[in-house]
>>> print(open('query-v5.pdb').read())   # PDB, C-alpha atoms
ATOM      1  CA  LYS A   1      31.136  58.831  78.740
ATOM      2  CA  THR A   2      30.122  62.285  79.948
ATOM      3  CA  ASP A   3      27.675  64.489  78.090
ATOM      4  CA  ALA A   4      28.684  67.505  76.042
ATOM      5  CA  GLY A   5      29.625  70.418  78.280
ATOM      6  CA  ASN A   6      30.245  74.163  78.364
ATOM      7  CA  ILE A   7      27.093  74.805  76.339
ATOM      8  CA  LYS A   8      26.714  78.448  75.334
ATOM      9  CA  ILE A   9      23.865  80.354  73.693
ATOM     10  CA  GLU A  10      24.843  83.676  72.111
ATOM     11  CA  TYR A  11      22.967  86.258  70.044
ATOM     12  CA  SER A  12      23.759  88.793  67.354
ATOM     13  CA  THR A  13      23.984  92.445  68.411
ATOM     14  CA  SER A  14      20.679  93.916  69.561
ATOM     15  CA  VAL A  15      19.291  97.421  69.100
ATOM     16  CA  LEU A  16      18.723  97.598  72.860
ATOM     17  CA  ASP A  17      19.255  95.390  75.901
ATOM     18  CA  GLU A  18      17.147  96.080  78.963
ATOM     19  CA  ILE A  19      17.107  94.254  82.303
ATOM     20  CA  ILE A  20      13.721  93.989  84.022
ATOM     21  CA  GLU A  21      13.425  92.010  87.258
ATOM     22  CA  GLY A  22      16.568  90.030  86.468
ATOM     23  CA  ILE A  23      15.494  89.163  82.918
ATOM     24  CA  THR A  24      17.440  90.593  79.971
ATOM     25  CA  PHE A  25      15.231  91.701  77.085
ATOM     26  CA  GLY A  26      17.083  91.967  73.798
ATOM     27  CA  PHE A  27      15.283  94.062  71.186
ATOM     28  CA  TYR A  28      16.024  93.436  67.510
ATOM     29  CA  LYS A  29      14.717  95.040  64.343
ATOM     30  CA  ALA A  30      16.166  92.509  61.914
ATOM     31  CA  PRO A  31      16.163  88.733  62.367
ATOM     32  CA  VAL A  32      18.402  87.609  65.231
ATOM     33  CA  THR A  33      21.090  84.997  64.741
ATOM     34  CA  VAL A  34      21.474  82.523  67.602
ATOM     35  CA  THR A  35      24.831  80.760  67.886
ATOM     36  CA  VAL A  36      25.039  77.653  70.065
ATOM     37  CA  THR A  37      28.346  76.147  71.132
ATOM     38  CA  ALA A  38      29.238  72.979  73.023
ATOM     39  CA  GLU A  39      32.393  71.056  73.872
ATOM     40  CA  ASP A  40      32.835  67.303  73.600
ATOM     41  CA  GLU A  41      36.383  65.948  73.694
ATOM     42  CA  THR A  42      35.599  62.295  73.028
ATOM     43  CA  ALA A  43      32.632  61.382  70.855
ATOM     44  CA  GLY A  44      32.074  64.866  69.460
ATOM     45  CA  VAL A  45      28.754  66.654  68.910
ATOM     46  CA  GLU A  46      26.502  65.242  66.202
ATOM     47  CA  TYR A  47      23.763  67.887  66.123
ATOM     48  CA  PHE A  48      21.894  70.618  68.013
ATOM     49  CA  GLU A  49      18.150  71.164  68.352
ATOM     50  CA  LEU A  50      16.996  74.653  69.291
ATOM     51  CA  THR A  51      13.614  75.457  70.839
ATOM     52  CA  TYR A  52      12.044  78.912  70.760
ATOM     53  CA  THR A  53       9.353  79.330  73.417
ATOM     54  CA  LYS A  54       6.941  82.215  72.976
ATOM     55  CA  GLU A  55       6.641  84.374  76.091
ATOM     56  CA  ALA A  56       3.417  83.945  78.025
ATOM     57  CA  GLY A  57       1.037  86.804  77.265
ATOM     58  CA  ALA A  58       2.957  87.957  74.188
ATOM     59  CA  SER A  59       0.963  89.309  71.250
ATOM     60  CA  ASN A  60      -0.532  86.835  68.807
ATOM     61  CA  VAL A  61       1.409  88.591  66.054
ATOM     62  CA  ASN A  62       4.508  86.822  67.386
ATOM     63  CA  THR A  63       5.680  83.403  66.228
ATOM     64  CA  ASP A  64       4.333  80.483  68.245
ATOM     65  CA  THR A  65       6.635  78.105  70.102
ATOM     66  CA  TYR A  66       8.611  75.814  67.774
ATOM     67  CA  LYS A  67      11.534  73.390  67.705
ATOM     68  CA  THR A  68      14.042  73.368  64.882
ATOM     69  CA  GLU A  69      15.084  70.431  62.773
ATOM     70  CA  LYS A  70      18.494  68.992  63.587
ATOM     71  CA  LEU A  71      21.146  71.702  63.219
ATOM     72  CA  THR A  72      24.429  70.386  61.879
ATOM     73  CA  ALA A  73      27.276  70.693  64.376
ATOM     74  CA  VAL A  74      30.328  72.335  62.813
ATOM     75  CA  GLN A  75      33.649  71.367  64.343
ATOM     76  CA  ASP A  76      36.083  74.170  65.135
ATOM     77  CA  ALA A  77      39.128  74.139  62.871
ATOM     78  CA  GLU A  78      41.583  74.733  65.719
ATOM     79  CA  ASP A  79      39.930  73.252  68.805
ATOM     80  CA  LYS A  80      38.471  69.930  67.691
ATOM     81  CA  SER A  81      36.463  69.580  70.917
ATOM     82  CA  VAL A  82      34.345  72.659  70.115
ATOM     83  CA  PHE A  83      31.225  72.455  67.943
ATOM     84  CA  THR A  84      28.818  75.212  66.860
ATOM     85  CA  ALA A  85      25.577  75.742  64.980
ATOM     86  CA  THR A  86      23.493  78.787  64.103
ATOM     87  CA  HIS A  87      19.798  79.492  63.701
ATOM     88  CA  THR A  88      17.930  82.631  62.644
ATOM     89  CA  ILE A  89      14.812  83.721  64.513
ATOM     90  CA  PRO A  90      12.754  85.916  62.159
ATOM     91  CA  ALA A  91      10.409  88.756  62.988
ATOM     92  CA  GLN A  92       7.915  88.695  64.630
ATOM     93  CA  ALA A  93       9.066  86.944  67.781
ATOM     94  CA  ARG A  94       9.101  87.399  71.552
ATOM     95  CA  GLY A  95      10.364  84.511  73.622
ATOM     96  CA  SER A  96      13.261  82.525  75.043
ATOM     97  CA  VAL A  97      15.680  79.972  73.651
ATOM     98  CA  SER A  98      16.820  76.547  74.836
ATOM     99  CA  VAL A  99      19.025  73.973  73.162
ATOM    100  CA  ASP A 100      19.495  70.213  73.162
ATOM    101  CA  VAL A 101      22.906  68.813  72.254
ATOM    102  CA  MET A 102      23.307  65.248  71.013
ATOM    103  CA  ASP A 103      26.774  63.750  70.800
ATOM    104  CA  ARG A 104      27.815  60.907  68.524
ATOM    105  CA  ALA A 105      27.575  58.411  71.379
ATOM    106  CA  GLY A 106      23.899  59.182  71.898
ATOM    107  CA  ASN A 107      24.286  61.312  75.009
ATOM    108  CA  ASP A 108      21.868  64.235  75.277
ATOM    109  CA  SER A 109      22.599  67.510  77.065
ATOM    110  CA  ALA A 110      20.362  70.535  77.426
ATOM    111  CA  LYS A 111      20.599  74.211  78.331
ATOM    112  CA  ALA A 112      17.855  76.812  78.682
ATOM    113  CA  ASP A 113      18.557  80.547  78.500
ATOM    114  CA  ALA A 114      15.787  81.344  80.971
ATOM    115  CA  ASN A 115      17.097  84.820  81.785
ATOM    116  CA  LYS A 116      16.913  86.160  78.228
ATOM    117  CA  VAL A 117      13.878  87.194  76.187
ATOM    118  CA  VAL A 118      14.445  87.858  72.508
ATOM    119  CA  VAL A 119      12.140  90.454  70.911
ATOM    120  CA  VAL A 120      12.331  90.585  67.100
ATOM    121  CA  ASP A 121      10.094  93.303  65.711
ATOM    122  CA  ASP A 122      10.140  94.962  62.281
ATOM    123  CA  ILE A 123       6.592  96.344  62.241
ATOM    124  CA  ILE A 124       6.279 100.141  62.258
ATOM    125  CA  PRO A 125       3.821 101.380  64.917
ATOM    126  CA  VAL A 126       0.599 102.824  63.508
ATOM    127  CA  LEU A 127      -1.239 105.793  65.022
ATOM    128  CA  ASP A 128      -4.916 106.677  64.605
ATOM    129  CA  VAL A 129      -6.235 110.031  65.852
ATOM    130  CA  GLN A 130      -9.886 110.919  66.381
ATOM    131  CA  TYR A 131     -11.405 114.269  67.347
ATOM    132  CA  ALA A 132     -14.587 114.930  69.319
ATOM    133  CA  PHE A 133     -15.741 118.514  68.857
ATOM    134  CA  THR A 134     -18.386 120.296  70.905
ATOM    135  CA  ASP A 135     -21.751 119.463  69.316
ATOM    136  CA  GLY A 136     -19.750 117.828  66.516
ATOM    137  CA  GLN A 137     -19.254 121.216  64.893
ATOM    138  CA  TYR A 138     -16.059 122.039  63.014
ATOM    139  CA  ARG A 139     -14.695 123.176  59.668
ATOM    140  CA  GLU A 140     -11.430 122.203  58.020
ATOM    141  CA  TYR A 141      -9.484 124.719  55.995
ATOM    142  CA  ASN A 142      -5.837 124.483  54.899
ATOM    143  CA  ASP A 143      -5.453 121.329  57.035
ATOM    144  CA  ILE A 144      -6.543 123.193  60.197
ATOM    145  CA  TYR A 145      -9.626 122.297  62.224
ATOM    146  CA  TYR A 146     -11.715 125.346  63.190
ATOM    147  CA  THR A 147     -14.146 124.838  66.057
ATOM    148  CA  GLN A 148     -15.518 126.275  69.279
ATOM    149  CA  GLY A 149     -15.903 124.933  72.791
ATOM    150  CA  GLU A 150     -13.937 121.903  73.936
ATOM    151  CA  THR A 151     -12.093 119.398  71.749
ATOM    152  CA  LYS A 152     -11.151 115.908  72.931
ATOM    153  CA  VAL A 153      -8.347 114.216  70.991
ATOM    154  CA  THR A 154      -8.064 110.408  71.217
ATOM    155  CA  PHE A 155      -4.855 108.652  70.159
ATOM    156  CA  THR A 156      -4.835 104.920  69.388
ATOM    157  CA  ILE A 157      -1.481 103.298  68.729
ATOM    158  CA  ASP A 158      -1.109  99.788  67.354
ATOM    159  CA  GLU A 159       2.158  98.285  68.660
ATOM    160  CA  ALA A 160       2.671  94.675  69.748
ATOM    161  CA  ASN A 161       5.600  95.490  72.051
ATOM    162  CA  PHE A 162       4.293  98.728  73.547
ATOM    163  CA  ASP A 163       5.957  99.789  76.799
ATOM    164  CA  VAL A 164       4.554 102.606  78.921
ATOM    165  CA  ALA A 165       8.109 103.374  80.015
ATOM    166  CA  SER A 166       8.977 104.468  76.456
ATOM    167  CA  LYS A 167       5.624 105.780  75.323
ATOM    168  CA  PRO A 168       4.883 108.180  72.441
ATOM    169  CA  VAL A 169       5.793 111.835  72.866
ATOM    170  CA  VAL A 170       2.790 114.147  72.548
ATOM    171  CA  THR A 171       3.366 117.888  72.331
ATOM    172  CA  VAL A 172       0.956 120.805  72.015
ATOM    173  CA  ASN A 173       2.545 124.041  70.844
ATOM    174  CA  GLU A 174       5.937 122.367  71.398
ATOM    175  CA  GLU A 175       5.199 121.655  75.068
ATOM    176  CA  ASN A 176       4.994 118.075  76.316
ATOM    177  CA  ARG A 177       1.573 116.804  77.298
ATOM    178  CA  GLU A 178       1.401 113.961  79.803
ATOM    179  CA  VAL A 179      -0.792 111.214  78.357
ATOM    180  CA  THR A 180      -1.962 108.091  80.173
ATOM    181  CA  TRP A 181      -1.963 105.094  77.840
ATOM    182  CA  ASN A 182      -4.351 102.220  78.502
ATOM    183  CA  PRO A 183      -4.410  98.830  76.742
ATOM    184  CA  THR A 184      -7.396  97.693  74.729
ATOM    185  CA  SER A 185      -8.238  94.166  75.848
ATOM    186  CA  GLY A 186      -7.452  91.410  73.354
ATOM    187  CA  THR A 187      -5.573  93.669  70.943
ATOM    188  CA  ASP A 188      -2.161  95.314  70.473
ATOM    189  CA  LYS A 189      -3.757  98.763  70.704
ATOM    190  CA  TRP A 190      -3.170 101.375  73.402
ATOM    191  CA  VAL A 191      -5.334 104.450  73.859
ATOM    192  CA  GLY A 192      -4.616 107.884  75.314
ATOM    193  CA  GLU A 193      -6.332 111.256  75.108
ATOM    194  CA  ILE A 194      -5.948 114.975  75.705
ATOM    195  CA  THR A 195      -8.487 117.800  75.905
ATOM    196  CA  LEU A 196      -8.107 121.234  74.348
ATOM    197  CA  THR A 197     -10.002 124.165  75.848
ATOM    198  CA  GLY A 198      -9.915 127.927  75.496
ATOM    199  CA  ASN A 199      -9.373 130.237  72.546
ATOM    200  CA  GLY A 200      -6.230 129.773  70.517
ATOM    201  CA  ASP A 201      -4.260 127.649  68.100
ATOM    202  CA  TYR A 202      -3.163 124.184  69.272
ATOM    203  CA  ALA A 203      -0.405 122.573  67.207
ATOM    204  CA  ILE A 204      -0.424 118.858  68.026
ATOM    205  CA  LYS A 205       2.566 116.623  67.308
ATOM    206  CA  VAL A 206       3.076 112.928  68.101
ATOM    207  CA  THR A 207       6.335 111.010  67.669
ATOM    208  CA  PHE A 208       7.231 107.470  68.661
ATOM    209  CA  ALA A 209       9.823 104.734  68.090
ATOM    210  CA  ASP A 210       9.531 101.275  69.625
ATOM    211  CA  LYS A 211      12.465  99.615  71.391
ATOM    212  CA  SER A 212      13.457  97.715  68.265
ATOM    213  CA  GLY A 213      13.988 101.018  66.460
ATOM    214  CA  ASN A 214      10.862 101.060  64.288
ATOM    215  CA  VAL A 215       9.959 104.729  63.836
ATOM    216  CA  MET A 216       6.317 105.742  63.526
ATOM    217  CA  ASP A 217       5.335 108.381  60.969
ATOM    218  CA  THR A 218       5.212 111.735  62.742
ATOM    219  CA  TYR A 219       1.683 113.053  63.225
ATOM    220  CA  GLU A 220       0.954 116.791  63.115
ATOM    221  CA  LYS A 221      -2.323 118.705  63.178
ATOM    222  CA  THR A 222      -3.500 122.165  64.267
ATOM    223  CA  VAL A 223      -6.804 122.910  65.969
ATOM    224  CA  HIS A 224      -8.079 126.505  66.178
ATOM    225  CA  ILE A 225     -10.640 127.157  68.930
ATOM    226  CA  ASP A 226     -12.624 130.397  68.831
ATOM    227  CA  ASN A 227     -15.419 130.941  71.324
ATOM    228  CA  GLU A 228     -15.996 134.591  70.562
ATOM    229  CA  ALA A 229     -18.567 135.799  68.034
ATOM    230  CA  PRO A 230     -17.447 138.482  65.547
ATOM    231  CA  VAL A 231     -18.007 142.048  66.696
ATOM    232  CA  PHE A 232     -19.145 144.636  64.186
ATOM    233  CA  ASP A 233     -18.563 148.311  64.720
ATOM    234  CA  VAL A 234     -20.811 150.461  62.578
ATOM    235  CA  THR A 235     -20.291 154.229  62.389
ATOM    236  CA  TYR A 236     -22.184 156.880  60.488
ATOM    237  CA  ASP A 237     -20.913 160.126  59.140
TER     238      ASP A 237
END
>>> encode(input="query-v5.pdb", output="structure tokens")
Amino acid sequence: KTDAGNIKIEYSTSVLDEIIEGITFGFYKAPVTVTVTAEDETAGVEYFELTYTKEAGASNVNTDTYKTEKLTAVQDAEDKSVFTATHTIPAQARGSVSVDVMDRAGNDSAKADANKVVVVDDIIPVLDVQYAFTDGQYREYNDIYYTQGETKVTFTIDEANFDVASKPVVTVNEENREVTWNPTSGTDKWVGEITLTGNGDYAIKVTFADKSGNVMDTYEKTVHIDNEAPVFDVTYD
């Protein structure tokens, strides 16, 4: 008796598929449904067992490696040699899938989908913004910061599946500012900064959506820098 054959692992439709170094990354916002199929013309498939293996180095927010209970094999109504089962991987998850197939004669077959990483993410990225003003001096009026000298703006974004290739968009006065994002060791936080100098109004805007389609709340703030003291002109008649 041969083992079950033609084992397939298929996934529900992703928000985005991306191939990096031969590995397909499927990004999902909602839970992903995994459908496993196998053929066994003689004994028939008794059950499937699916294993989710967390990707090495993935954020701790993601589900740890686990193996399912026995998944009931459902026989196809038309082709009696075909059996299927489904399993839902919930958010948060980042890892790969493998399956064991047991037929009714006790034969075990296995298949690993080593070239696919499933990323299930429904957490909205969170942005924190801090300002460092010259000598710490500033005033806030009508949601505008008034200051003098130089202002350093530090952005910290909390996102478990951050990718520098699709980083946040930072604009100042509607012009893109190139920001270098660096990871904070041991966390899901990434930090970038810009510096504002010279007199004028600086309208800052930050937008971002992760690859699973979670859209961050847009951040907007204006900084007014004025390095010139008031000039009084006094005349006498």
>>> closest_residue(input="query-v5.pdb", among="A:Pro31, A:Gly149, A:Pro230, A:Gly22", to="Asn199 in chain A", atoms="only C-alpha atoms")
A:Gly149
>>> residues_around(input="query-v5.pdb", residues="Asp226 in chain A", least_positions_apart="2", cutoff="8 Å", atoms="only C-alpha atoms", output="list in words")
Tyr146, Thr147, Gln148, Gly149, Gly198, Asn199, Gly200, His224 and Glu228 of chain A
>>> resolve_selection(input="query-v5.pdb", expression="the PyMOL selection byres ((chain A and resi 159) around 7)", output="short mmCIF file (atom, residue, chain, number, x, y, z; two decimals) with C-alpha atoms, in the frame of the given file")
data_model
loop_
_atom_site.label_atom_id
_atom_site.label_comp_id
_atom_site.auth_asym_id
_atom_site.auth_seq_id
_atom_site.Cartn_x
_atom_site.Cartn_y
_atom_site.Cartn_z
CA PRO A 125 3.82 101.38 64.92
CA ILE A 157 -1.48 103.30 68.73
CA ASP A 158 -1.11 99.79 67.35
CA ALA A 160 2.67 94.68 69.75
CA ASN A 161 5.60 95.49 72.05
CA PHE A 162 4.29 98.73 73.55
CA ASP A 188 -2.16 95.31 70.47
CA LYS A 189 -3.76 98.76 70.70
#
>>> resolve_selection(input="query-v5.pdb", expression="the PyMOL selection byres ((chain A and resi 216) around 8)", output="PyMOL selection string")
chain A and resi 124-127+207-209+214-215+217-218
>>> residues_around(input="query-v5.pdb", residues="Asn142 in chain A", least_positions_apart="6", cutoff="12 Å", atoms="all atoms listed in the file", output="list in words")
Lys221, Thr222, Val223 and His224 of chain A
>>> closest_atom_pairs(input="query-v5.pdb", of="range 101-165 of chain A", to="range 73-89 of chain A", cutoff="10 Å", atoms="all atoms listed in the file", output="CSV")
residue,atom,partner,partner_atom,distance
A:Val101,CA,A:Ala73,CA,9.2
A:Met102,CA,A:Ala73,CA,9.5
A:Asp103,CA,A:Ala73,CA,9.5
A:Val118,CA,A:Ile89,CA,9.0
A:Val119,CA,A:Ile89,CA,9.7
A:Val120,CA,A:Ile89,CA,7.7
>>> closest_residue(input="query-v5.pdb", among="A:Ile204, A:Arg139, A:Asp121, A:Glu150", to="Glu175 in chain A", atoms="only C-alpha atoms")
A:Ile204
